[in-house]
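Below: the structure, in structure tokens.
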Amino acid sequence: MLEALVALAAGLLIGSFLNVCIFRLPRDLSVISPRSFCPACEHPVAWFDNIPIASYVVLRGRCRHCAQPIPWRYPLVEALTAALFVTAVLLRGPSLLSVKLCVFCALIVGLVFADLEARILPDEFTLGGIALGLLFAVLAPFQIVFFSLFLRHWGPRWLSLVAAAVSAAVPALLLWGLGAVFQKIRKKEGVGLGDVKMVAMIGAFLGLQLTVLTVMAGSLVGSVIGLAYIYLTRKDPGTYELPFGSFLGAGAIAVALLWLR
């Protein structure tokens, strides 16, 4: 119970910081300074108006100074991050694997909402996430069978690091190759470089098999929901840009919570 409460508090705080990143990183703004401000009137937000979820409820979803609506994304990101942290701890207990899951979920939440709002997958999340994934491969090693057949004299941590690096590189290169073929045939971009980096980050955290499963799940969900959205809103399917990273992220979180061991 105590671990879940700690995870809840950490999730709310990390979710609040993710909101800063989601707003500022696509705009090339510092996430450190200045302090939080209203996007509408740019008035600095006092500390008592910056308490995760509670301040949104107290202010009834509006800025204290200009009364403009506060985007729904702020409490949603905070609540979602907290819920994912608690779920990770309840599923895996107090362990390095739980910490790995929480970090992974936080990165994915940041990427999903940045993609939904700005169609940008910030390098700070993707490239930084690759580095973190490789670090966690050493701290919380994968359960490896394939690589141990060829590198049997290597320790489990080194084997895990190799597996994470290969799992990051192979799916990303395949996705990049498919995107290049699509662009050559259709004369338009099919897969963005941000998506490729995101797949590499997922691979570093989840390993090859779960990353392939994630890409399949994300593609399937994206096709169904994306085509339905285009049809219902009467968008032009030839020009409308679907947020593939968001669908990929949803699949990654589901796969990680269900199968990452």
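Ordering of the structure tokens sets the chain letters (A, B, ...); residue numbers start at 1 within each chain; ligands are numbered from 1 in the order shown.
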
Kindly assemble as a Markdown table a list of the segment 196-254 of chain A residues that lie within 12 Å of segment 76-93 of chain A, each paired with its nearest atom pair and their distance in Å to one decimal, using only C-alpha atoms, sorted first by chain and then by ascending residue number.
| residue | atom | partner | partner_atom | distance |
| --- | --- | --- | --- | --- |
| A:Ala250 | CA | A:Leu84 | CA | 11.9 |
| A:Ile253 | CA | A:Leu84 | CA | 8.8 |
| A:Ala254 | CA | A:Leu84 | CA | 10.3 |

Using only C-alpha atoms for the distances, tell me which of A:Pro52, A:Gly192, A:Gly251, A:Gly226 is nearest to Leu210 of chain A. A:Gly251

For a test of reading the model, state the distance in Å between atom CA of Ser167 of chain A and atom CA of Val196 of chain A, rounded to one decimal. 12.6 Å

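For Leu248 of chain A, the residues within 10 Å (counting only C-alpha atoms, excluding itself and residues fewer than 6 positions away along the chain) are Ile108, Leu111, Val112, Asp195, Met198, Val199, Ile202, Thr211, Thr214, Val215, Met216, Ala217, Gly218, Ser219, Leu220, Val221 and Gly222 of chain A.
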